[in-house]
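Printed here is my_file.tsv (TSV, C-alpha atoms and all ligand atoms):
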```tsv
chain	number	residue	atom	x	y	z
A	1	MET	CA	-10.82	-24.61	10.60
A	2	VAL	CA	-9.67	-21.31	12.10
A	3	HIS	CA	-10.12	-20.98	15.82
A	4	LEU	CA	-8.90	-17.80	17.52
A	5	ARG	CA	-9.47	-17.29	21.23
A	6	ASP	CA	-8.34	-14.20	23.08
A	7	LEU	CA	-5.56	-13.58	20.61
A	8	THR	CA	-3.32	-10.71	21.64
A	9	VAL	CA	-0.38	-9.30	19.71
A	10	THR	CA	1.93	-6.72	21.27
A	11	PHE	CA	4.88	-5.11	19.53
A	12	THR	CA	7.68	-4.44	21.97
A	13	GLY	CA	10.29	-2.87	19.65
A	14	GLY	CA	9.44	0.80	20.37
A	15	SER	CA	9.66	2.95	23.48
A	16	LYS	CA	6.27	1.66	24.71
A	17	PRO	CA	4.58	-1.68	23.95
A	18	VAL	CA	1.94	-1.37	21.23
A	19	ARG	CA	-1.10	-3.63	21.71
A	20	ALA	CA	-2.21	-4.05	18.09
A	21	VAL	CA	-4.58	-6.99	18.74
A	22	SER	CA	-6.44	-7.27	22.07
A	23	GLY	CA	-8.36	-10.47	22.78
A	24	VAL	CA	-9.65	-11.39	19.35
A	25	SER	CA	-11.87	-14.47	19.16
A	26	LEU	CA	-13.06	-15.67	15.78
A	27	ASP	CA	-13.98	-18.95	14.10
A	28	VAL	CA	-13.95	-19.56	10.36
A	29	ARG	CA	-15.22	-22.83	8.94
A	30	ARG	CA	-14.20	-24.62	5.78
A	31	GLY	CA	-15.90	-23.11	2.75
A	32	GLU	CA	-16.65	-19.87	4.54
A	33	THR	CA	-15.44	-16.32	3.90
A	34	VAL	CA	-15.22	-13.81	6.73
A	35	ALA	CA	-14.52	-10.17	5.94
A	36	LEU	CA	-12.59	-8.11	8.50
A	37	ILE	CA	-13.50	-4.46	8.24
A	38	GLY	CA	-12.52	-1.37	10.19
A	39	GLU	CA	-10.52	1.82	9.96
A	40	SER	CA	-6.85	1.95	9.21
A	41	GLY	CA	-4.81	0.79	12.20
A	42	SER	CA	-7.59	-1.33	13.74
A	43	GLY	CA	-5.47	-4.49	13.68
A	44	LYS	CA	-6.87	-6.29	10.63
A	45	SER	CA	-3.54	-6.86	8.91
A	46	VAL	CA	-1.77	-7.71	12.16
A	47	THR	CA	-4.39	-10.43	12.81
A	48	MET	CA	-3.83	-11.85	9.31
A	49	ARG	CA	-0.06	-11.70	9.57
A	50	THR	CA	-0.23	-13.47	12.92
A	51	LEU	CA	-2.04	-16.35	11.21
A	52	LEU	CA	1.02	-16.76	8.99
A	53	ARG	CA	3.46	-15.84	11.77
A	54	LEU	CA	4.97	-13.04	9.72
A	55	HIS	CA	5.87	-10.70	12.60
A	56	PRO	CA	9.46	-10.09	13.72
A	57	GLU	CA	9.90	-12.84	16.35
A	58	ARG	CA	11.97	-11.03	18.93
A	59	ARG	CA	9.92	-7.86	19.02
A	60	THR	CA	6.46	-9.44	19.11
A	61	GLN	CA	4.58	-10.99	22.02
A	62	MET	CA	1.66	-13.19	21.12
A	63	GLY	CA	-0.88	-14.61	23.55
A	64	GLY	CA	-4.10	-16.59	23.49
A	65	THR	CA	-4.95	-19.39	21.08
A	66	ALA	CA	-4.65	-19.54	17.30
A	67	ARG	CA	-5.45	-22.93	15.76
A	68	VAL	CA	-5.65	-23.52	12.02
A	69	ALA	CA	-6.53	-26.97	10.68
A	70	GLY	CA	-5.51	-28.48	14.02
A	71	ARG	CA	-2.13	-26.70	14.18
A	72	ASP	CA	-1.19	-24.55	17.14
A	73	VAL	CA	-0.06	-21.59	15.02
A	74	LEU	CA	1.66	-19.67	17.83
A	75	ALA	CA	3.84	-22.69	18.66
A	76	LEU	CA	4.99	-23.54	15.12
A	77	SER	CA	8.66	-23.20	14.29
A	78	GLY	CA	11.31	-24.43	11.88
A	79	ARG	CA	10.23	-27.03	9.36
A	80	ALA	CA	6.66	-27.23	10.69
A	81	LEU	CA	6.21	-23.47	10.18
A	82	ALA	CA	7.72	-23.58	6.70
A	83	ASP	CA	5.35	-26.41	5.74
A	84	TYR	CA	2.39	-24.65	7.31
A	85	ARG	CA	2.96	-21.56	5.16
A	86	GLY	CA	1.67	-22.39	1.72
A	87	LYS	CA	0.41	-25.88	2.49
A	88	VAL	CA	-2.08	-25.01	5.23
A	89	ALA	CA	-2.45	-21.22	5.01
A	90	SER	CA	-1.37	-18.74	2.39
A	91	MET	CA	-1.88	-15.08	1.74
A	92	ILE	CA	-2.51	-12.71	-1.12
A	93	PHE	CA	-1.73	-9.03	-0.81
A	94	GLN	CA	-2.86	-5.71	-2.24
A	95	GLU	CA	0.41	-5.46	-4.12
A	96	PRO	CA	1.38	-8.68	-5.96
A	97	LEU	CA	4.90	-7.34	-6.44
A	98	LEU	CA	5.39	-7.93	-2.68
A	99	ALA	CA	4.65	-11.63	-3.11
A	100	LEU	CA	6.27	-12.19	-6.50
A	101	ASP	CA	10.02	-12.04	-6.94
A	102	PRO	CA	10.93	-9.60	-9.75
A	103	VAL	CA	14.01	-11.52	-10.90
A	104	TYR	CA	12.26	-14.85	-11.69
A	105	THR	CA	9.49	-15.61	-14.14
A	106	VAL	CA	6.15	-16.25	-12.49
A	107	GLY	CA	6.23	-19.83	-13.77
A	108	ALA	CA	9.65	-20.45	-12.21
A	109	GLN	CA	8.36	-19.25	-8.84
A	110	ILE	CA	5.36	-21.55	-8.88
A	111	VAL	CA	7.47	-24.49	-10.09
A	112	GLU	CA	10.02	-23.82	-7.33
A	113	SER	CA	7.31	-23.70	-4.68
A	114	LEU	CA	5.80	-26.99	-5.91
A	115	ARG	CA	9.19	-28.72	-6.02
A	116	ARG	CA	10.12	-27.56	-2.53
A	117	HIS	CA	6.80	-28.10	-0.76
A	118	GLU	CA	5.22	-30.93	-2.74
A	119	GLY	CA	8.36	-32.74	-3.92
A	120	LEU	CA	7.24	-32.69	-7.56
A	121	ASP	CA	9.79	-33.06	-10.36
A	122	ARG	CA	10.26	-30.19	-12.80
A	123	ALA	CA	7.93	-31.56	-15.50
A	124	ALA	CA	5.11	-32.40	-13.08
A	125	ALA	CA	5.49	-29.02	-11.37
A	126	HIS	CA	5.29	-27.27	-14.73
A	127	GLN	CA	2.09	-29.15	-15.61
A	128	ARG	CA	0.59	-28.21	-12.26
A	129	ALA	CA	1.60	-24.54	-12.73
A	130	LEU	CA	-0.07	-24.57	-16.14
A	131	ALA	CA	-3.25	-26.02	-14.65
A	132	LEU	CA	-3.19	-23.37	-11.93
A	133	PHE	CA	-2.87	-20.58	-14.50
A	134	GLU	CA	-5.84	-22.04	-16.36
A	135	ARG	CA	-7.75	-22.28	-13.08
A	136	VAL	CA	-7.29	-18.56	-12.36
A	137	ARG	CA	-8.20	-17.86	-16.02
A	138	ILE	CA	-4.97	-16.40	-17.28
A	139	PRO	CA	-5.22	-16.36	-21.09
A	140	SER	CA	-2.31	-17.95	-23.03
A	141	PRO	CA	-1.12	-19.59	-19.80
A	142	GLU	CA	1.96	-21.24	-21.32
A	143	ARG	CA	3.28	-17.91	-22.57
A	144	ARG	CA	2.40	-16.08	-19.35
A	145	LEU	CA	4.24	-18.63	-17.21
A	146	ALA	CA	7.41	-17.45	-18.95
A	147	ALA	CA	6.71	-13.77	-18.17
A	148	TYR	CA	8.35	-11.72	-15.43
A	149	PRO	CA	5.98	-10.05	-12.96
A	150	HIS	CA	6.61	-6.55	-14.39
A	151	GLU	CA	5.60	-7.79	-17.86
A	152	MET	CA	2.05	-8.49	-16.67
A	153	SER	CA	-0.88	-6.11	-16.19
A	154	GLY	CA	-2.09	-5.45	-12.62
A	155	GLY	CA	-5.05	-7.82	-12.98
A	156	MET	CA	-2.91	-10.62	-14.47
A	157	ARG	CA	-0.33	-10.20	-11.73
A	158	GLN	CA	-3.09	-10.51	-9.15
A	159	ARG	CA	-4.25	-13.73	-10.82
A	160	ALA	CA	-0.66	-15.01	-10.91
A	161	MET	CA	-0.28	-14.27	-7.19
A	162	ILE	CA	-3.53	-16.14	-6.49
A	163	ALA	CA	-2.16	-19.09	-8.50
A	164	LEU	CA	1.05	-19.00	-6.45
A	165	ALA	CA	-0.92	-18.80	-3.19
A	166	LEU	CA	-3.02	-21.83	-4.22
A	167	ALA	CA	-0.09	-23.86	-5.59
A	168	CYS	CA	0.29	-26.11	-2.55
A	169	SER	CA	-3.47	-26.54	-1.99
A	170	PRO	CA	-3.83	-24.54	1.23
A	171	GLN	CA	-6.96	-24.86	3.36
A	172	LEU	CA	-6.97	-21.23	4.48
A	173	LEU	CA	-6.61	-18.25	2.17
A	174	LEU	CA	-5.84	-14.87	3.72
A	175	ALA	CA	-6.58	-11.96	1.41
A	176	ASP	CA	-5.39	-8.51	2.52
A	177	GLU	CA	-7.11	-5.82	0.44
A	178	PRO	CA	-6.60	-7.93	-2.69
A	179	THR	CA	-8.41	-5.59	-5.07
A	180	THR	CA	-7.82	-2.12	-3.67
A	181	ALA	CA	-5.13	-1.17	-6.16
A	182	LEU	CA	-7.08	-2.35	-9.23
A	183	ASP	CA	-9.48	-0.62	-11.66
A	184	ALA	CA	-13.17	-1.11	-10.89
A	185	THR	CA	-13.81	-3.60	-13.72
A	186	VAL	CA	-10.75	-5.68	-12.84
A	187	GLN	CA	-11.72	-5.55	-9.15
A	188	ILE	CA	-15.04	-7.22	-9.76
A	189	GLN	CA	-13.41	-9.93	-11.91
A	190	ILE	CA	-10.90	-10.71	-9.17
A	191	LEU	CA	-13.57	-10.69	-6.45
A	192	LEU	CA	-15.73	-13.10	-8.45
A	193	LEU	CA	-12.71	-15.31	-9.12
A	194	LEU	CA	-11.86	-15.41	-5.41
A	195	ARG	CA	-15.45	-16.28	-4.52
A	196	GLU	CA	-15.54	-19.04	-7.10
A	197	LEU	CA	-12.19	-20.53	-6.05
A	198	GLN	CA	-13.09	-20.34	-2.40
A	199	ARG	CA	-16.36	-22.22	-3.03
A	200	ASP	CA	-14.97	-24.78	-5.48
A	201	LEU	CA	-11.94	-25.60	-3.35
A	202	GLY	CA	-13.82	-25.44	-0.04
A	203	LEU	CA	-11.30	-22.93	1.33
A	204	ALA	CA	-11.74	-21.01	4.53
A	205	CYS	CA	-11.05	-17.40	3.65
A	206	ILE	CA	-10.40	-14.24	5.66
A	207	PHE	CA	-10.67	-11.13	3.62
A	208	VAL	CA	-9.49	-7.72	4.86
A	209	THR	CA	-11.08	-4.73	3.22
A	210	HIS	CA	-11.98	-1.07	3.62
A	211	ASP	CA	-14.68	-1.54	1.03
A	212	ILE	CA	-17.99	-2.68	2.52
A	213	GLY	CA	-19.41	-3.28	-0.96
A	214	ALA	CA	-16.60	-5.74	-1.70
A	215	ALA	CA	-17.22	-7.46	1.65
A	216	VAL	CA	-20.93	-7.81	0.83
A	217	GLU	CA	-20.02	-9.33	-2.50
A	218	VAL	CA	-17.61	-12.01	-1.29
A	219	ALA	CA	-18.21	-12.67	2.40
A	220	ASP	CA	-20.61	-14.86	4.36
A	221	ARG	CA	-19.88	-13.12	7.62
A	222	MET	CA	-18.28	-9.85	8.70
A	223	ALA	CA	-16.26	-8.93	11.75
A	224	VAL	CA	-15.78	-5.26	12.57
A	225	MET	CA	-12.49	-4.37	14.27
A	226	TYR	CA	-11.77	-1.30	16.36
A	227	ALA	CA	-8.52	-0.64	18.23
A	228	GLY	CA	-7.45	-4.29	18.07
A	229	ARG	CA	-10.78	-5.83	19.09
A	230	ILE	CA	-13.69	-7.34	17.23
A	231	VAL	CA	-16.53	-5.07	18.33
A	232	GLU	CA	-19.28	-6.68	16.25
A	233	GLU	CA	-19.61	-9.88	14.29
A	234	GLY	CA	-22.46	-11.35	12.28
A	235	THR	CA	-23.62	-12.59	8.91
A	236	VAL	CA	-23.36	-10.00	6.17
A	237	ARG	CA	-27.15	-9.66	6.28
A	238	GLU	CA	-27.19	-9.11	10.06
A	239	LEU	CA	-24.47	-6.49	9.97
A	240	ILE	CA	-25.88	-4.59	7.04
A	241	HIS	CA	-29.52	-4.65	8.11
A	242	THR	CA	-29.35	-4.71	11.90
A	243	PRO	CA	-25.97	-3.42	13.08
A	244	ARG	CA	-25.91	-3.03	16.87
A	245	HIS	CA	-22.55	-1.45	17.74
A	246	PRO	CA	-22.36	2.36	17.48
A	247	TYR	CA	-19.08	2.02	15.57
A	248	THR	CA	-20.57	-0.33	12.98
A	249	ILE	CA	-23.57	1.98	12.72
A	250	ALA	CA	-21.30	4.97	12.17
A	251	LEU	CA	-19.46	3.04	9.44
A	252	LEU	CA	-22.70	2.12	7.72
A	253	GLN	CA	-24.66	5.29	8.32
A	254	SER	CA	-23.94	6.88	5.00
A	255	ARG	CA	-25.27	3.80	3.18
A	256	ALA	CA	-28.21	5.85	1.97
A	257	HIS	CA	-25.59	7.81	0.07
A	258	GLY	CA	-24.10	4.79	-1.61
A	259	ALA	CA	-21.75	3.37	1.02
A	260	MET	CA	-22.86	-0.11	-0.03
A	261	ALA	CA	-21.68	0.38	-3.58
A	262	ARG	CA	-18.47	-1.45	-4.30
A	263	GLY	CA	-15.48	0.82	-4.50
A	264	THR	CA	-16.76	3.20	-1.82
A	265	PRO	CA	-14.25	3.45	1.01
A	266	LEU	CA	-15.40	3.40	4.61
A	267	PRO	CA	-16.74	6.79	5.64
A	268	THR	CA	-14.61	8.88	7.96
A	269	ILE	CA	-15.85	9.15	11.51
A	270	ALA	CA	-15.16	12.24	13.60
A	271	GLY	CA	-12.26	11.86	16.04
A	272	SER	CA	-9.40	9.42	15.92
A	273	PRO	CA	-8.77	5.94	17.30
A	274	PRO	CA	-6.94	5.60	20.63
A	275	ASP	CA	-3.19	5.26	21.03
A	276	LEU	CA	-2.50	1.51	21.01
A	277	ALA	CA	0.36	2.13	23.43
A	278	ALA	CA	-2.05	3.61	26.00
A	279	LEU	CA	-5.41	1.87	25.59
A	280	PRO	CA	-8.16	3.02	27.95
A	281	PRO	CA	-9.52	0.52	30.53
A	282	GLY	CA	-13.05	0.68	29.11
A	283	CYS	CA	-14.49	0.66	25.61
A	284	ALA	CA	-11.91	2.04	23.17
A	285	PHE	CA	-14.63	3.67	21.06
A	286	ALA	CA	-16.11	5.63	24.01
A	287	ALA	CA	-14.16	8.81	23.23
A	288	ARG	CA	-15.89	9.03	19.83
A	289	CYS	CA	-19.28	7.58	20.72
A	290	ALA	CA	-22.39	9.71	21.14
A	291	LEU	CA	-23.87	7.12	23.53
A	292	ALA	CA	-20.85	6.74	25.83
A	293	SER	CA	-21.49	6.79	29.60
A	294	ASP	CA	-19.24	6.43	32.65
A	295	ALA	CA	-19.85	2.68	32.64
A	296	CYS	CA	-18.44	2.48	29.10
A	297	ARG	CA	-15.24	4.19	30.21
A	298	ALA	CA	-14.87	2.07	33.35
A	299	ALA	CA	-14.68	-1.49	31.98
A	300	GLN	CA	-14.59	-3.50	28.78
A	301	PRO	CA	-18.13	-4.18	27.59
A	302	MET	CA	-19.12	-7.85	27.46
A	303	ALA	CA	-20.37	-9.35	24.20
A	304	VAL	CA	-24.16	-9.17	23.78
A	305	GLN	CA	-25.62	-11.98	21.69
A	306	PHE	CA	-28.47	-11.20	19.25
A	307	SER	CA	-28.56	-14.47	17.34
A	308	PRO	CA	-26.30	-17.55	17.23
A	309	THR	CA	-24.16	-15.68	14.67
A	310	HIS	CA	-24.55	-12.04	15.73
A	311	GLN	CA	-22.87	-10.35	18.69
A	312	ALA	CA	-21.62	-6.90	19.66
A	313	ARG	CA	-19.45	-5.60	22.50
A	314	CYS	CA	-21.45	-2.64	23.73
A	315	ILE	CA	-23.68	-1.86	26.71
A	316	HIS	CA	-25.88	0.53	24.72
A	317	THR	CA	-26.96	-1.65	21.83
A	318	GLU	CA	-30.65	-0.82	22.31
A	319	GLN	CA	-30.06	2.93	22.05
A	320	ALA	CA	-27.70	2.25	19.16
A	321	ALA	CA	-30.44	0.36	17.31
A	322	ALA	CA	-32.85	3.23	17.95
A	323	MET	CA	-30.24	5.61	16.52
A	324	LEU	CA	-30.24	3.55	13.36
A	325	ALA	CA	-34.00	3.83	13.04
A	326	VAL	CA	-33.67	7.60	12.62
A	327	PRO	CA	-33.42	8.24	8.87
A	328	ALA	CA	-30.06	9.72	7.83
A	401	LIG	N1	5.82	-4.54	13.39
A	401	LIG	C1	5.12	-3.59	14.03
A	401	LIG	N2	5.66	-2.88	15.05
A	401	LIG	C2	4.95	-1.95	15.72
A	401	LIG	N3	3.69	-1.60	15.44
A	401	LIG	C3	3.09	-2.24	14.42
A	401	LIG	C4	3.76	-3.26	13.67
A	401	LIG	N4	2.90	-3.73	12.71
A	401	LIG	C5	1.74	-3.02	12.88
A	401	LIG	N5	1.84	-2.15	13.90
A	401	LIG	C6	0.79	-1.25	14.40
A	401	LIG	O1	-0.35	-2.02	14.69
A	401	LIG	C7	-1.54	-1.27	14.44
A	401	LIG	C8	-2.50	-2.08	13.63
A	401	LIG	O2	-2.02	-2.18	12.30
A	401	LIG	P1	-2.73	-2.97	11.13
A	401	LIG	O3	-1.81	-2.92	9.96
A	401	LIG	O4	-3.17	-4.31	11.58
A	401	LIG	O5	-4.01	-2.11	10.85
A	401	LIG	P2	-5.09	-2.36	9.72
A	401	LIG	O6	-6.39	-2.41	10.43
A	401	LIG	O7	-4.74	-3.52	8.89
A	401	LIG	O8	-4.96	-1.02	8.91
A	401	LIG	P3	-4.89	-0.81	7.33
A	401	LIG	O9	-6.30	-0.95	6.92
A	401	LIG	O10	-4.35	0.57	7.20
A	401	LIG	O11	-3.99	-1.87	6.79
A	401	LIG	C9	-1.09	0.02	13.75
A	401	LIG	O12	-1.11	1.05	14.70
A	401	LIG	C10	0.32	-0.29	13.33
A	401	LIG	O13	1.12	0.89	13.34
```

Rewritten as C-alpha cells:
Amino acid sequence: MVHLRDLTVTFTGGSKPVRAVSGVSLDVRRGETVALIGESGSGKSVTMRTLLRLHPERRTQMGGTARVAGRDVLALSGRALADYRGKVASMIFQEPLLALDPVYTVGAQIVESLRRHEGLDRAAAHQRALALFERVRIPSPERRLAAYPHEMSGGMRQRAMIALALACSPQLLLADEPTTALDATVQIQILLLLRELQRDLGLACIFVTHDIGAAVEVADRMAVMYAGRIVEEGTVRELIHTPRHPYTIALLQSRAHGAMARGTPLPTIAGSPPDLAALPPGCAFAARCALASDACRAAQPMAVQFSPTHQARCIHTEQAAAMLAVPA
C-alpha cells in the first residue's frame, strides 16, 4: 500500500539546505499500523507531511520514491493531488482545531467534503456524516453535527476530526501524535477507536508518537527515526524485546522504570541530534553513542537484517545487544 524507497526531503528556504529526511525506505501494508518513533526533529512529521504533499512546493526538494495505492505521490499535482488527499490518504493531527474550520459547524465541513469529493447531494452527504459520527461513537450525533468545533470537548473534537478524515473512505490514515494533547482516559479511548477503525476498515496506518506505550498499544510494527533516517525497524515485539540499535536501546533503557507505560514520554538521551544542515558523512548518532568507532564516523552503516521484519543500521549491533543484557 505504502512503498517508500530512499525518500529524501530537503528544505531550501533558509541560508543552508536542511535535509529533514535522508533515504527513508518503508513499506506499510493494508490493515497494518506502523508507529514512527524518535526524538523531536527526527523527521517523523516531515515524512508524514510528504505523504500528503503538504510542504511548500517551491522551497522543498523531494527525491526517491513514494507510492501510495499505486500513485506516484511525488508526481501528483492539480486535480489528481486534490483527489488523492482525502480519498486515498488523509491525516489526523494532535490539534483538531488545525484540521477543523472554526467558522463552520463540524457537520457542514463533512457534508462539504463529501459533496466535493464524492459528488453526493446534500441529503445523502448528511446521512453519511451522521453514519460517520455514529461510527466514531459520538453520542447524540445529530445534535453534534450542528456544533461548532469550539463547542465540543477535546475528545469529541478528536472523534469529529477522525470522522472528517474518514469521510471519503481513504486507504491510508496518517496520525500525527493524535492523542498527545488529551487526558489519559480520553487518550486510551481514542487509541482503541483508532485501532478498531483501522482493523475494521482495513486501513494502512502510520502513527507518529513520542509515547512508546501508545505505539505498543496500537502498532504492529515500529520504525525508529534519527536525524531523518530510519535506524531500526521491526515488529513491536522485536523492538521492545530485542532492540539492536544503540539509539533504540537508549530510548528503551529506562523501561524498567516504566517507560512502557502509556503516557510516558521518550526518555531524554545525553547530547543533542546533529544539525540537519550539516549532517556528518557517517552515522548521525555516532556523536552520542558509547559504542562509536572511527568506522561509524567514516561512512553510513548498512542495514543489518535480524529477521524478515527486523533490521538496524549499525555496525555494532552485537555489542549493543550485549549492552542491553546488562540490567539497568
Ligand atoms: N518547512 C520547513 N522548512 C525548514 N525546515 C523544516 C520545515 N519543516 C520541518 N523542518 C525541520 O525538519 C526537521 C524535522 O522536523 P519534524 O517535524 O519532521 O520532526 P519530528 O520528528 O516530527 O519532531 P516532533 O516530534 O517534534 O514533531 C526539524 O529540524 C524541522 O525544524

List every residue of chain A that has an atom at most 9 Å from any atom of ligand LIG 401 (chain A), and for each one report the closest atom pair and its distance in Å to one decimal, counting only C-alpha atoms and all ligand atoms, with rows sorted by chain and then by increasing residue number, as CSV.
```
residue,atom,partner,partner_atom,distance
A:Val9,CA,A:LIG401,O1,8.8
A:Thr10,CA,A:LIG401,C2,7.9
A:Phe11,CA,A:LIG401,C2,5.0
A:Thr12,CA,A:LIG401,C2,7.3
A:Gly13,CA,A:LIG401,N2,6.5
A:Gly14,CA,A:LIG401,C2,7.0
A:Pro17,CA,A:LIG401,C2,8.2
A:Val18,CA,A:LIG401,N3,6.1
A:Arg19,CA,A:LIG401,O1,7.2
A:Ala20,CA,A:LIG401,O1,4.4
A:Val21,CA,A:LIG401,C8,7.4
A:Leu36,CA,A:LIG401,O6,8.6
A:Ile37,CA,A:LIG401,O6,7.7
A:Gly38,CA,A:LIG401,O6,6.2
A:Glu39,CA,A:LIG401,O9,5.9
A:Ser40,CA,A:LIG401,O10,3.5
A:Gly41,CA,A:LIG401,O5,3.3
A:Ser42,CA,A:LIG401,O6,3.7
A:Gly43,CA,A:LIG401,O4,3.1
A:Lys44,CA,A:LIG401,O7,3.9
A:Ser45,CA,A:LIG401,O7,3.5
A:Val46,CA,A:LIG401,O4,3.7
A:Thr47,CA,A:LIG401,O4,6.4
A:Met48,CA,A:LIG401,O4,7.9
A:Arg49,CA,A:LIG401,O4,8.3
A:His55,CA,A:LIG401,N1,6.2
A:Pro56,CA,A:LIG401,N1,6.6
A:Arg59,CA,A:LIG401,N2,7.7
A:Thr60,CA,A:LIG401,N1,7.6
A:Asp176,CA,A:LIG401,O11,8.0
A:Glu177,CA,A:LIG401,O11,8.1
A:Val208,CA,A:LIG401,O7,7.5
A:Thr209,CA,A:LIG401,O9,7.1
A:His210,CA,A:LIG401,O9,6.6
A:Met225,CA,A:LIG401,O6,7.5
A:Tyr226,CA,A:LIG401,O6,8.1
A:Ala227,CA,A:LIG401,C8,7.7
A:Gly228,CA,A:LIG401,C8,7.0
A:Asp275,CA,A:LIG401,O12,7.9
A:Leu276,CA,A:LIG401,O12,6.5
A:Ala277,CA,A:LIG401,O12,8.9
```

Atom-to-atom span, atom CA of Asp220 of chain A and atom CA of Ala35 of chain A, Å: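 Atom CA of Ala35 of chain A lies 7.8 Å from atom CA of Asp220 of chain A.
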
Between atom CA of Leu7 of chain A and atom CA of Gly63 of chain A, distance in Å (one decimal): 5.6 Å

Box time for segment 166-170 of chain A: axis-aligned, enclosing all its listed atoms, 8 Å extra on each side; report centre and edge lengths in Å to one decimal, as AutoDock Vina command-line options.
```
--center_x -1.8 --center_y -24.2 --center_z -2.2 --size_x 20.1 --size_y 20.7 --size_z 22.8
```

Nearest candidate to Arg135 of chain A (options A:Cys296, A:Leu197, A:Leu26, A:Arg244; using all atoms listed in the file):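 Under the stated criterion, the closest residue is A:Leu197.
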
Distance in Å - atom CA of Cys168 of chain A versus atom CA of His126 of chain A: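 For atom CA of Cys168 of chain A relative to atom CA of His126 of chain A, the distance reads 13.2 Å.
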
Best match for closeness to Ala131 of chain A among A:Ala160, A:Val103, A:His117, A:Gly23, counting all atoms listed in the file: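 The closest residue to Ala131 of chain A is A:Ala160.
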
Polymer residues at most 10 Å from Pro96 of chain A, all atoms listed in the file, same-chain spacing of 5 or more positions, as number ranges by chain: A: 101, 149, 154-162, 178, 181

Pick from A:Val216, A:Val231, A:Ala290, A:Ile249 nearest to Met302 of chain A, counting only C-alpha atoms: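 Closest candidate: A:Val231.
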
Closest of A:Ile206, A:His310, A:Arg122, A:Leu114 to Ile240 of chain A - atom-to-atom distances counting only C-alpha atoms: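 Going through A:Ile206, A:His310, A:Arg122, A:Leu114 one by one, the smallest distance to Ile240 of chain A is for A:His310.
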
A:Val2, A:Gly213, A:Ala125, A:Ile315 ranked by distance to Thr65 of chain A, top pick (using all atoms listed in the file): A:Val2

Selection: 9 Å around Leu52 of chain A, only C-alpha atoms, excl. self and same-chain fewer than 3 positions, as a list of chain:residue names: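 The filter keeps A:Met48, A:Arg49, A:His55, A:Val73, A:Leu81, A:Tyr84, A:Arg85, A:Ala89, A:Ser90, A:Met91, A:Leu174.
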
Pick from A:Glu151, A:Asp83, A:Glu217, A:Glu112, whichever lies nearest to Ile188 of chain A using only C-alpha atoms: A:Glu217

Distance query Pro281 of chain A at most 10 Å, only C-alpha atoms, self and fewer than 3 positions along chain excluded, as a VMD selection string: chain A and resid 278 284 296 to 300

Test item: which residues lie within 9 Å of (-17.1, -20.4, -0.9) counting only C-alpha atoms, as a ChimeraX atom specification: /A:30-33,194-205,218-220

Residue neighbourhood Ala124 of chain A, 10 Å, only C-alpha atoms, exclusion window fewer than 5 positions, as a ChimeraX atom specification: /A:111,114-115,119,129-130

Keeping C-alpha atoms, export the residues of the selection given above as a PDB file, in the coordinates of the input.
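File written: result_37.pdb
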```pdb
ATOM      1  CA  VAL A 111       7.470 -24.490 -10.090  1.00  0.00           C
ATOM      2  CA  LEU A 114       5.800 -26.990  -5.910  1.00  0.00           C
ATOM      3  CA  ARG A 115       9.190 -28.720  -6.020  1.00  0.00           C
ATOM      4  CA  GLY A 119       8.360 -32.740  -3.920  1.00  0.00           C
ATOM      5  CA  ALA A 129       1.600 -24.540 -12.730  1.00  0.00           C
ATOM      6  CA  LEU A 130      -0.070 -24.570 -16.140  1.00  0.00           C
TER       7      LEU A 130
END
```
